[in-house]
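Colleague: Structure file coords_4.csv (CSV, C-alpha atoms) is given on the next line.
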chain,number,residue,atom,x,y,z
A,1,MET,CA,18.1,16.5,9.8
A,2,GLU,CA,18.2,13.6,7.3
A,3,ARG,CA,14.9,12.2,6.1
A,4,ARG,CA,15.1,8.9,8.0
A,5,GLU,CA,16.0,10.6,11.2
A,6,TRP,CA,13.2,13.1,10.7
A,7,GLU,CA,10.6,10.3,10.1
A,8,ARG,CA,11.9,8.3,13.1
A,9,HIS,CA,11.3,11.4,15.3
A,10,GLY,CA,7.8,11.9,14.0
A,11,GLY,CA,8.5,15.0,12.0
A,12,GLY,CA,7.3,17.4,14.7
A,13,MET,CA,4.8,20.0,13.4
A,14,GLY,CA,3.8,21.5,16.8
A,15,GLU,CA,2.4,25.1,16.5
A,16,LYS,CA,2.1,24.8,12.7
A,17,VAL,CA,-1.3,25.5,11.2
A,18,CYS,CA,-2.2,23.5,8.1
A,19,LEU,CA,-5.2,24.0,5.9
A,20,ILE,CA,-6.2,21.0,3.6
A,21,THR,CA,-8.9,21.0,1.0
A,22,GLY,CA,-10.7,17.8,0.2
A,23,ALA,CA,-9.7,16.5,3.6
A,24,THR,CA,-12.7,14.3,4.5
A,25,SER,CA,-11.8,11.3,2.3
A,26,GLY,CA,-9.0,9.7,0.4
A,27,ILE,CA,-5.6,11.3,0.2
A,28,GLY,CA,-6.8,14.4,1.9
A,29,LYS,CA,-8.0,12.6,4.9
A,30,ALA,CA,-4.8,10.5,5.1
A,31,THR,CA,-2.8,13.8,4.9
A,32,ALA,CA,-4.8,15.4,7.7
A,33,MET,CA,-4.3,12.3,9.8
A,34,GLY,CA,-0.5,12.3,9.1
A,35,LEU,CA,-0.1,15.9,10.0
A,36,ALA,CA,-2.3,15.6,13.1
A,37,ASN,CA,-0.1,12.7,14.2
A,38,MET,CA,2.9,15.1,14.0
A,39,GLY,CA,1.2,17.6,16.3
A,40,ALA,CA,0.1,20.2,13.7
A,41,SER,CA,-3.1,22.2,14.1
A,42,VAL,CA,-5.1,20.8,11.1
A,43,VAL,CA,-8.0,22.6,9.5
A,44,MET,CA,-9.9,20.3,7.2
A,45,VAL,CA,-12.1,21.6,4.3
A,46,GLY,CA,-15.0,19.5,3.2
A,47,ARG,CA,-18.5,19.8,1.7
A,48,ASP,CA,-20.6,17.5,3.9
A,49,ARG,CA,-21.0,18.4,7.6
A,50,GLY,CA,-21.9,14.9,8.7
A,51,ARG,CA,-19.0,13.2,7.1
A,52,GLY,CA,-16.6,16.0,8.0
A,53,GLU,CA,-17.5,15.9,11.7
A,54,ALA,CA,-17.2,12.1,11.7
A,55,VAL,CA,-13.7,12.3,10.1
A,56,MET,CA,-12.7,15.1,12.4
A,57,ALA,CA,-13.6,13.0,15.5
A,58,GLU,CA,-11.8,10.0,14.1
A,59,ILE,CA,-8.6,12.0,13.5
A,60,LYS,CA,-8.7,13.6,17.0
A,61,GLU,CA,-9.2,10.2,18.6
A,62,LYS,CA,-6.5,8.3,16.6
A,63,SER,CA,-3.9,11.1,16.7
A,64,SER,CA,-4.6,12.2,20.3
A,65,ASN,CA,-4.6,15.7,18.9
A,66,ALA,CA,-7.4,18.0,19.8
A,67,SER,CA,-6.3,20.7,17.4
A,68,VAL,CA,-8.3,19.4,14.4
A,69,ASP,CA,-11.0,21.7,13.0
A,70,LEU,CA,-13.5,21.5,10.1
A,71,MET,CA,-14.5,24.3,7.7
A,72,LEU,CA,-17.3,23.7,5.3
A,73,ALA,CA,-17.0,24.8,1.6
A,74,ASP,CA,-17.9,23.5,-1.8
A,75,VAL,CA,-14.7,24.5,-3.7
A,76,SER,CA,-16.5,24.4,-7.0
A,77,SER,CA,-18.1,27.7,-5.9
A,78,GLN,CA,-16.0,30.9,-6.0
A,79,GLU,CA,-18.4,32.5,-3.5
A,80,GLU,CA,-17.8,29.6,-1.0
A,81,ILE,CA,-14.0,29.8,-1.5
A,82,ARG,CA,-14.1,33.5,-0.7
A,83,ARG,CA,-16.2,32.8,2.4
A,84,LEU,CA,-13.8,30.0,3.4
A,85,ALA,CA,-10.8,32.3,3.1
A,86,ASP,CA,-12.6,35.0,5.2
A,87,GLU,CA,-13.6,32.5,7.9
A,88,PHE,CA,-10.1,31.1,8.1
A,89,LYS,CA,-8.6,34.5,8.5
A,90,GLU,CA,-11.1,35.3,11.3
A,91,ALA,CA,-10.5,32.1,13.1
A,92,TYR,CA,-6.7,31.7,12.8
A,93,PRO,CA,-3.8,34.1,13.4
A,94,ARG,CA,-1.4,32.3,11.0
A,95,LEU,CA,-1.2,29.8,8.1
A,96,ASP,CA,2.0,27.7,7.8
A,97,VAL,CA,0.9,25.2,5.2
A,98,LEU,CA,-1.8,25.3,2.5
A,99,ILE,CA,-2.4,21.9,0.8
A,100,ASN,CA,-4.6,22.2,-2.3
A,101,ASN,CA,-5.8,18.6,-2.6
A,102,ALA,CA,-9.5,18.6,-3.6
A,103,GLY,CA,-10.1,17.1,-7.0
A,104,VAL,CA,-12.8,15.6,-9.2
A,105,PHE,CA,-13.1,13.5,-12.4
A,106,ARG,CA,-16.3,14.0,-14.4
A,107,SER,CA,-17.1,11.8,-17.4
A,108,LYS,CA,-19.8,14.2,-18.6
A,109,ARG,CA,-19.5,17.9,-18.9
A,110,ILE,CA,-21.3,19.8,-16.2
A,111,THR,CA,-20.9,23.4,-15.0
A,112,THR,CA,-20.6,25.1,-11.6
A,113,ALA,CA,-22.8,27.8,-10.1
A,114,ASP,CA,-20.3,30.2,-11.7
A,115,GLY,CA,-20.9,28.7,-15.2
A,116,ILE,CA,-17.4,27.1,-15.3
A,117,GLU,CA,-16.7,23.5,-16.3
A,118,MET,CA,-16.6,21.5,-13.1
A,119,THR,CA,-13.2,19.7,-13.6
A,120,PHE,CA,-11.4,22.9,-14.4
A,121,ALA,CA,-13.2,24.8,-11.6
A,122,VAL,CA,-12.4,22.3,-8.8
A,123,ASN,CA,-9.0,21.0,-9.9
A,124,HIS,CA,-7.4,24.2,-11.0
A,125,LEU,CA,-9.4,27.4,-10.3
A,126,ALA,CA,-10.1,26.5,-6.7
A,127,TYR,CA,-6.3,26.1,-6.1
A,128,PHE,CA,-5.7,29.4,-7.9
A,129,LEU,CA,-8.3,31.4,-6.1
A,130,LEU,CA,-7.9,30.1,-2.5
A,131,THR,CA,-4.1,30.4,-2.7
A,132,ASN,CA,-4.3,34.0,-3.9
A,133,LEU,CA,-6.8,34.9,-1.2
A,134,LEU,CA,-4.6,33.5,1.5
A,135,LEU,CA,-1.2,34.8,0.2
A,136,ASP,CA,-1.1,37.7,2.6
A,137,MET,CA,-1.5,35.4,5.5
A,138,LEU,CA,1.1,33.0,4.2
A,139,LYS,CA,3.5,35.9,3.8
A,140,ALA,CA,2.9,37.0,7.3
A,141,SER,CA,3.5,33.5,8.6
A,142,ALA,CA,6.7,32.9,6.5
A,143,PRO,CA,8.5,30.6,6.2
A,144,SER,CA,5.4,28.9,4.9
A,145,ARG,CA,4.6,26.3,2.3
A,146,ILE,CA,2.0,25.7,-0.5
A,147,VAL,CA,1.6,22.1,-1.7
A,148,ASN,CA,-0.5,21.4,-4.8
A,149,VAL,CA,-1.6,17.9,-5.5
A,150,SER,CA,-1.3,17.2,-9.3
A,151,SER,CA,-1.0,13.9,-11.1
A,152,GLY,CA,1.3,12.0,-13.5
A,153,ASP,CA,-1.6,12.4,-15.9
A,154,HIS,CA,-0.5,16.0,-16.5
A,155,SER,CA,2.1,14.6,-18.9
A,156,ASN,CA,-0.7,13.6,-21.3
A,157,ALA,CA,-2.0,17.1,-21.6
A,158,THR,CA,-1.7,20.5,-23.2
A,159,ILE,CA,-3.6,23.7,-22.3
A,160,ASP,CA,-6.3,24.2,-25.0
A,161,PHE,CA,-7.1,27.9,-24.7
A,162,ASP,CA,-9.4,27.6,-27.7
A,163,ASP,CA,-11.6,25.2,-25.8
A,164,LEU,CA,-10.4,25.5,-22.2
A,165,GLN,CA,-13.7,24.3,-20.7
A,166,GLY,CA,-14.6,21.6,-23.2
A,167,GLU,CA,-17.5,23.4,-24.8
A,168,LYS,CA,-16.6,22.2,-28.3
A,169,GLY,CA,-16.1,18.6,-27.4
A,170,TYR,CA,-15.8,17.3,-23.8
A,171,LYS,CA,-13.8,14.2,-22.8
A,172,GLY,CA,-13.4,13.4,-19.1
A,173,ALA,CA,-9.8,12.2,-19.3
A,174,LYS,CA,-8.7,15.1,-21.4
A,175,ALA,CA,-10.3,17.6,-19.0
A,176,TYR,CA,-8.7,15.9,-16.0
A,177,SER,CA,-5.2,15.7,-17.5
A,178,GLN,CA,-5.4,19.4,-18.6
A,179,SER,CA,-6.4,20.4,-15.1
A,180,LYS,CA,-3.5,18.5,-13.6
A,181,LEU,CA,-1.1,20.2,-16.1
A,182,ALA,CA,-2.6,23.5,-14.9
A,183,ASN,CA,-1.7,22.6,-11.4
A,184,VAL,CA,2.0,22.2,-12.4
A,185,LEU,CA,2.1,25.4,-14.5
A,186,PHE,CA,0.4,27.3,-11.6
A,187,THR,CA,2.9,26.0,-9.1
A,188,TYR,CA,5.9,27.0,-11.2
A,189,GLU,CA,4.5,30.4,-12.0
A,190,LEU,CA,3.5,30.9,-8.3
A,191,ALA,CA,7.0,30.0,-7.2
A,192,ARG,CA,8.5,32.6,-9.6
A,193,ARG,CA,6.2,35.3,-8.3
A,194,LEU,CA,6.9,34.4,-4.6
A,195,GLU,CA,10.7,34.5,-4.8
A,196,GLY,CA,12.1,36.3,-1.8
A,197,THR,CA,8.8,36.1,0.2
A,198,GLY,CA,9.7,33.1,2.3
A,199,ILE,CA,6.8,31.1,0.8
A,200,THR,CA,7.6,27.9,-1.1
A,201,ALA,CA,5.3,26.3,-3.7
A,202,ASN,CA,5.7,22.7,-4.8
A,203,CYS,CA,3.5,20.1,-6.5
A,204,LEU,CA,3.4,16.4,-6.6
A,205,HIS,CA,2.1,13.2,-8.2
A,206,PRO,CA,0.6,11.0,-5.4
A,207,GLY,CA,1.3,7.8,-7.3
A,208,ALA,CA,-0.6,5.7,-9.7
A,209,GLY,CA,-3.6,3.6,-8.7
A,210,VAL,CA,-4.4,5.3,-5.3
A,211,ARG,CA,-7.7,4.5,-3.8
A,212,THR,CA,-9.7,7.7,-3.8
A,213,ASN,CA,-13.2,9.0,-4.5
A,214,LEU,CA,-12.3,10.2,-8.0
A,215,GLY,CA,-13.9,7.1,-9.5
A,216,SER,CA,-17.3,8.2,-8.3
A,217,GLY,CA,-17.4,10.7,-11.1
A,218,VAL,CA,-16.5,8.1,-13.8
A,219,SER,CA,-19.4,6.5,-15.7
A,220,GLY,CA,-19.9,3.9,-18.4
A,221,VAL,CA,-17.6,0.8,-18.9
A,222,PHE,CA,-14.5,2.7,-17.6
A,223,GLY,CA,-16.4,3.6,-14.4
A,224,ILE,CA,-17.3,-0.1,-13.9
A,225,MET,CA,-13.6,-1.1,-14.4
A,226,VAL,CA,-12.4,1.6,-12.0
A,227,ARG,CA,-14.7,0.5,-9.2
A,228,ALA,CA,-13.9,-3.2,-9.8
A,229,LEU,CA,-10.2,-2.4,-9.4
A,230,THR,CA,-10.6,-0.2,-6.4
A,231,PRO,CA,-9.9,-3.0,-3.8
A,232,LEU,CA,-6.5,-3.6,-5.5
A,233,MET,CA,-5.4,0.0,-5.5
A,234,LYS,CA,-2.8,1.6,-3.2
A,235,SER,CA,-4.0,2.9,0.1
A,236,PRO,CA,-4.8,6.6,0.6
A,237,GLU,CA,-2.1,6.6,3.3
A,238,LYS,CA,0.5,5.6,0.6
A,239,GLY,CA,-0.8,8.3,-1.7
A,240,ALA,CA,-0.5,11.0,1.1
A,241,GLU,CA,3.1,10.3,1.9
A,242,THR,CA,4.5,12.9,-0.5
A,243,SER,CA,2.0,15.6,0.5
A,244,ILE,CA,2.9,15.1,4.1
A,245,TYR,CA,6.6,15.2,3.3
A,246,LEU,CA,6.4,18.4,1.3
A,247,ALA,CA,4.3,20.0,4.1
A,248,SER,CA,6.6,19.1,6.9
A,249,SER,CA,10.1,17.9,6.0
A,250,PRO,CA,13.1,20.1,6.8
A,251,GLU,CA,14.7,18.5,3.7
A,252,VAL,CA,12.6,20.6,1.3
A,253,GLU,CA,12.8,23.8,3.4
A,254,GLY,CA,13.5,26.7,0.9
A,255,LEU,CA,12.9,24.5,-2.1
A,256,SER,CA,10.3,25.9,-4.5
A,257,GLY,CA,8.9,25.4,-7.9
A,258,ARG,CA,9.6,21.7,-8.0
A,259,TYR,CA,7.6,18.5,-8.9
A,260,PHE,CA,7.8,15.5,-6.6
A,261,VAL,CA,7.1,11.8,-7.0
A,262,LYS,CA,7.5,9.3,-4.1
A,263,LYS,CA,9.1,12.1,-1.9
A,264,ASP,CA,11.8,12.7,-4.6
A,265,GLU,CA,12.1,15.6,-7.0
A,266,ALA,CA,11.3,14.5,-10.5
A,267,ARG,CA,11.0,16.1,-13.9
A,268,SER,CA,7.5,17.1,-15.0
A,269,SER,CA,6.4,17.2,-18.7
A,270,ASP,CA,8.3,19.4,-21.1
A,271,VAL,CA,5.3,21.7,-21.7
A,272,SER,CA,5.0,22.3,-18.0
A,273,TYR,CA,8.2,24.4,-18.1
A,274,ASP,CA,6.8,26.8,-20.7
A,275,GLU,CA,6.9,30.2,-18.9
A,276,ARG,CA,4.8,32.0,-21.5
A,277,LEU,CA,2.1,29.3,-21.2
A,278,ALA,CA,2.1,29.6,-17.4
A,279,ARG,CA,1.8,33.4,-17.6
A,280,ARG,CA,-1.1,33.1,-20.0
A,281,LEU,CA,-2.8,30.5,-17.9
A,282,TRP,CA,-2.4,32.8,-14.8
A,283,GLU,CA,-4.0,35.7,-16.7
A,284,VAL,CA,-6.9,33.6,-17.9
A,285,SER,CA,-7.4,32.1,-14.4
A,286,ALA,CA,-7.3,35.6,-12.8
A,287,ASP,CA,-10.0,36.7,-15.2
A,288,LEU,CA,-12.2,33.7,-14.5
A,289,SER,CA,-11.7,34.2,-10.8
A,290,ASN,CA,-12.3,38.0,-10.8
A,291,LEU,CA,-8.8,38.6,-9.5
A,292,PRO,CA,-6.3,41.2,-10.7
A,293,ALA,CA,-3.7,39.4,-12.9
What's the structure tokens form of this structure?

Modeller:
Amino acid sequence: MERREWERHGGGMGEKVCLITGATSGIGKATAMGLANMGASVVMVGRDRGRGEAVMAEIKEKSSNASVDLMLADVSSQEEIRRLADEFKEAYPRLDVLINNAGVFRSKRITTADGIEMTFAVNHLAYFLLTNLLLDMLKASAPSRIVNVSSGDHSNATIDFDDLQGEKGYKGAKAYSQSKLANVLFTYELARRLEGTGITANCLHPGAGVRTNLGSGVSGVFGIMVRALTPLMKSPEKGAETSIYLASSPEVEGLSGRYFVKKDEARSSDVSYDERLARRLWEVSADLSNLPA
């Protein structure tokens, strides 16, 4: 089915189970709404029960889809990610689409309960750990899909293994860009490791200037500028289009290890194709997540 025909018919996702992190606001919420409108069973992951339940009720009402659920987890905590994975496996018999969407930007260096720098923990390690914990379920549900939300900012980054967590000199923009490059490297390495399993792994740039909650972590003059420009930014619905497309479109069925912008395949930064770098990042991530490499 061609893209326009698929979109005209609503891109049916009936009986598909989709798990989305960071789903109670911004791009994640818009992604949950879009997939619910297609008939998918949507499992939203968020930190705040009150906000999560309000968003869940809103999506159910607007989509006329009762199959919308909420699971609570702070994905900066590895203990909570492990609990989330266990609870999901107990509650659901299958997983067709995993969308790693949750993200933060922190102007100042802070660490998680695990002692890991917050930006790296949420934007990369949470993707890495949750995906690995759910791989057996994704394999059993194949053909299935993993969608990782990255950013065009990845092109400004390298992976600094000598100061991976910004202990020697932290800069918010550098930490954020590095985490987004890590998303792309992780996606490509994951795709290589999953060849022949029926699971695809792709990543995306949601577009520049999308209105999200990322600005809440930005302080100083830059933070004031971000918040002043927020009303002029693109809607979360626009930012969610590529995530929804990669989660549901028959056009990308079987495609894996690719980077997308505006629902089209694009070339990511040169360094993102470095397989040795990706393998090293995988090994370091496994060590930090207490997983076998």

Colleague: Quick one: residues within 12 Å of (-9.0, 33.5, -3.4) (file frame), counting all atoms listed in the file, please, as a ChimeraX atom specification.

Modeller: /A:75,77-86,88-89,125-137,285-286,288-292

Colleague: Quick check, in Å to one decimal: how far apart do CA of Ala66 (chain A) and CA of Glu241 (chain A) lie?

Modeller: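 Separation between CA of Ala66 (chain A) and CA of Glu241 (chain A): 22.1 Å.
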
Colleague: Grab the CA of Gly26 (chain A) to CA of Arg51 (chain A) distance for me, in Å with one decimal place.

Modeller: 12.5 Å

Colleague: Nearest to Lys263 (chain A) among A:Glu275, A:Lys238, A:Asp287, A:Thr112, with distances taken over all atoms listed in the file: which residue is it?

Modeller: A:Lys238

Colleague: Just how far from CA of Thr200 (chain A) is CA of Ala140 (chain A), in Å to one decimal?

Modeller: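 Going from CA of Ala140 (chain A) over to CA of Thr200 (chain A), I get 13.2 Å.
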
Colleague: Counting only C-alpha atoms, select every polymer residue within 10 Å of (2.5, 11.7, -20.0) as defined in the file's coordinates, and provide the selection as a VMD selection string.

Modeller: chain A and resid 151 to 157 177 268 to 270

Colleague: Quick one: write out the picked residues with C-alpha atoms as a CSV table (one decimal), keeping the file's coordinate frame?

Modeller:
chain,number,residue,atom,x,y,z
A,151,SER,CA,-1.0,13.9,-11.1
A,152,GLY,CA,1.3,12.0,-13.5
A,153,ASP,CA,-1.6,12.4,-15.9
A,154,HIS,CA,-0.5,16.0,-16.5
A,155,SER,CA,2.1,14.6,-18.9
A,156,ASN,CA,-0.7,13.6,-21.3
A,157,ALA,CA,-2.0,17.1,-21.6
A,177,SER,CA,-5.2,15.7,-17.5
A,268,SER,CA,7.5,17.1,-15.0
A,269,SER,CA,6.4,17.2,-18.7
A,270,ASP,CA,8.3,19.4,-21.1

Colleague: List as a ChimeraX atom specification the protein and nucleic acid residues near Arg145 (chain A), meaning an atom at most 8 Å away when all atoms listed in the file are counted, but skip any in the same chain fewer than 2 places from it.

Modeller: /A:96-98,138,143,147,199-201,247

Colleague: Could you write out the selected residues, including C-alpha atoms, as a PDB file, in the coordinates of the input?

Modeller:
ATOM      1  CA  ASP A  96       2.000  27.700   7.800  1.00  0.00           C
ATOM      2  CA  VAL A  97       0.900  25.200   5.200  1.00  0.00           C
ATOM      3  CA  LEU A  98      -1.800  25.300   2.500  1.00  0.00           C
ATOM      4  CA  LEU A 138       1.100  33.000   4.200  1.00  0.00           C
ATOM      5  CA  PRO A 143       8.500  30.600   6.200  1.00  0.00           C
ATOM      6  CA  VAL A 147       1.600  22.100  -1.700  1.00  0.00           C
ATOM      7  CA  ILE A 199       6.800  31.100   0.800  1.00  0.00           C
ATOM      8  CA  THR A 200       7.600  27.900  -1.100  1.00  0.00           C
ATOM      9  CA  ALA A 201       5.300  26.300  -3.700  1.00  0.00           C
ATOM     10  CA  ALA A 247       4.300  20.000   4.100  1.00  0.00           C
TER      11      ALA A 247
END

Colleague: Pick the closest to Val252 (chain A) from A:Ile146, A:Ala293, A:Val42, A:Val284: which is it, counting all atoms listed in the file?

Modeller: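 Distance minimum relative to Val252 (chain A) lands on A:Ile146.
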
Colleague: Which residues come within 12 Å of Tyr245 (chain A), counting all atoms listed in the file, excluding same-chain residues fewer than 4 positions away, as a PDB file with C-alpha atoms, in the frame of the given file?

Modeller:
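Output file selection.pdb follows:
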ATOM      1  CA  ARG A   3      14.900  12.200   6.100  1.00  0.00           C
ATOM      2  CA  ARG A   4      15.100   8.900   8.000  1.00  0.00           C
ATOM      3  CA  TRP A   6      13.200  13.100  10.700  1.00  0.00           C
ATOM      4  CA  GLU A   7      10.600  10.300  10.100  1.00  0.00           C
ATOM      5  CA  GLY A  10       7.800  11.900  14.000  1.00  0.00           C
ATOM      6  CA  GLY A  11       8.500  15.000  12.000  1.00  0.00           C
ATOM      7  CA  GLY A  12       7.300  17.400  14.700  1.00  0.00           C
ATOM      8  CA  MET A  13       4.800  20.000  13.400  1.00  0.00           C
ATOM      9  CA  THR A  31      -2.800  13.800   4.900  1.00  0.00           C
ATOM     10  CA  GLY A  34      -0.500  12.300   9.100  1.00  0.00           C
ATOM     11  CA  LEU A  35      -0.100  15.900  10.000  1.00  0.00           C
ATOM     12  CA  MET A  38       2.900  15.100  14.000  1.00  0.00           C
ATOM     13  CA  VAL A  97       0.900  25.200   5.200  1.00  0.00           C
ATOM     14  CA  ILE A  99      -2.400  21.900   0.800  1.00  0.00           C
ATOM     15  CA  ARG A 145       4.600  26.300   2.300  1.00  0.00           C
ATOM     16  CA  VAL A 147       1.600  22.100  -1.700  1.00  0.00           C
ATOM     17  CA  ASN A 202       5.700  22.700  -4.800  1.00  0.00           C
ATOM     18  CA  CYS A 203       3.500  20.100  -6.500  1.00  0.00           C
ATOM     19  CA  LEU A 204       3.400  16.400  -6.600  1.00  0.00           C
ATOM     20  CA  PRO A 206       0.600  11.000  -5.400  1.00  0.00           C
ATOM     21  CA  LYS A 238       0.500   5.600   0.600  1.00  0.00           C
ATOM     22  CA  GLY A 239      -0.800   8.300  -1.700  1.00  0.00           C
ATOM     23  CA  ALA A 240      -0.500  11.000   1.100  1.00  0.00           C
ATOM     24  CA  GLU A 241       3.100  10.300   1.900  1.00  0.00           C
ATOM     25  CA  SER A 249      10.100  17.900   6.000  1.00  0.00           C
ATOM     26  CA  PRO A 250      13.100  20.100   6.800  1.00  0.00           C
ATOM     27  CA  GLU A 251      14.700  18.500   3.700  1.00  0.00           C
ATOM     28  CA  VAL A 252      12.600  20.600   1.300  1.00  0.00           C
ATOM     29  CA  GLU A 253      12.800  23.800   3.400  1.00  0.00           C
ATOM     30  CA  PHE A 260       7.800  15.500  -6.600  1.00  0.00           C
ATOM     31  CA  VAL A 261       7.100  11.800  -7.000  1.00  0.00           C
ATOM     32  CA  LYS A 262       7.500   9.300  -4.100  1.00  0.00           C
ATOM     33  CA  LYS A 263       9.100  12.100  -1.900  1.00  0.00           C
ATOM     34  CA  ASP A 264      11.800  12.700  -4.600  1.00  0.00           C
ATOM     35  CA  GLU A 265      12.100  15.600  -7.000  1.00  0.00           C
TER      36      GLU A 265
END

Colleague: Which residues come within 8 Å of Ile59 (chain A), counting all atoms listed in the file, excluding same-chain residues fewer than 2 positions away, as a PyMOL selection string?

Modeller: chain A and resi 32-33+36+55-57+61-65+68

Colleague: Give the answer as one residue: which of A:Val184, A:Leu70, A:Val122, A:Ala23 has the shortest atom-to-atom distance to Ala91 (chain A), using all atoms listed in the file?

Modeller: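 Closest to Ala91 (chain A) of all the choices is A:Leu70.
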
Colleague: From the set A:Ile159, A:Gly169, A:Gly22, A:Val43, which residue has the shortest atom-to-atom contact distance to Ala102 (chain A), counting all atoms listed in the file?

Modeller: A:Gly22

Colleague: Using all atoms listed in the file, which residues sit within 10 Å of Leu164 (chain A) once same-chain residues fewer than 5 positions away are excluded, as a PyMOL selection string?

Modeller: chain A and resi 116-117+120+159+170+175+178-179+284

Colleague: How would the residues just picked look written out with C-alpha atoms as an mmCIF file, keeping the file's coordinate frame?

Modeller:
data_model
loop_
_atom_site.group_PDB
_atom_site.id
_atom_site.type_symbol
_atom_site.label_atom_id
_atom_site.label_comp_id
_atom_site.auth_asym_id
_atom_site.auth_seq_id
_atom_site.Cartn_x
_atom_site.Cartn_y
_atom_site.Cartn_z
ATOM 1 C CA ILE A 116 -17.400 27.100 -15.300
ATOM 2 C CA GLU A 117 -16.700 23.500 -16.300
ATOM 3 C CA PHE A 120 -11.400 22.900 -14.400
ATOM 4 C CA ILE A 159 -3.600 23.700 -22.300
ATOM 5 C CA TYR A 170 -15.800 17.300 -23.800
ATOM 6 C CA ALA A 175 -10.300 17.600 -19.000
ATOM 7 C CA GLN A 178 -5.400 19.400 -18.600
ATOM 8 C CA SER A 179 -6.400 20.400 -15.100
ATOM 9 C CA VAL A 284 -6.900 33.600 -17.900
#

Colleague: Using only C-alpha atoms, find the one residue out of A:Met71, A:Ala182, A:Leu194, A:Leu255 that sits nearest to Tyr273 (chain A).

Modeller: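 Among A:Met71, A:Ala182, A:Leu194, A:Leu255, it is A:Ala182 that comes nearest to Tyr273 (chain A).
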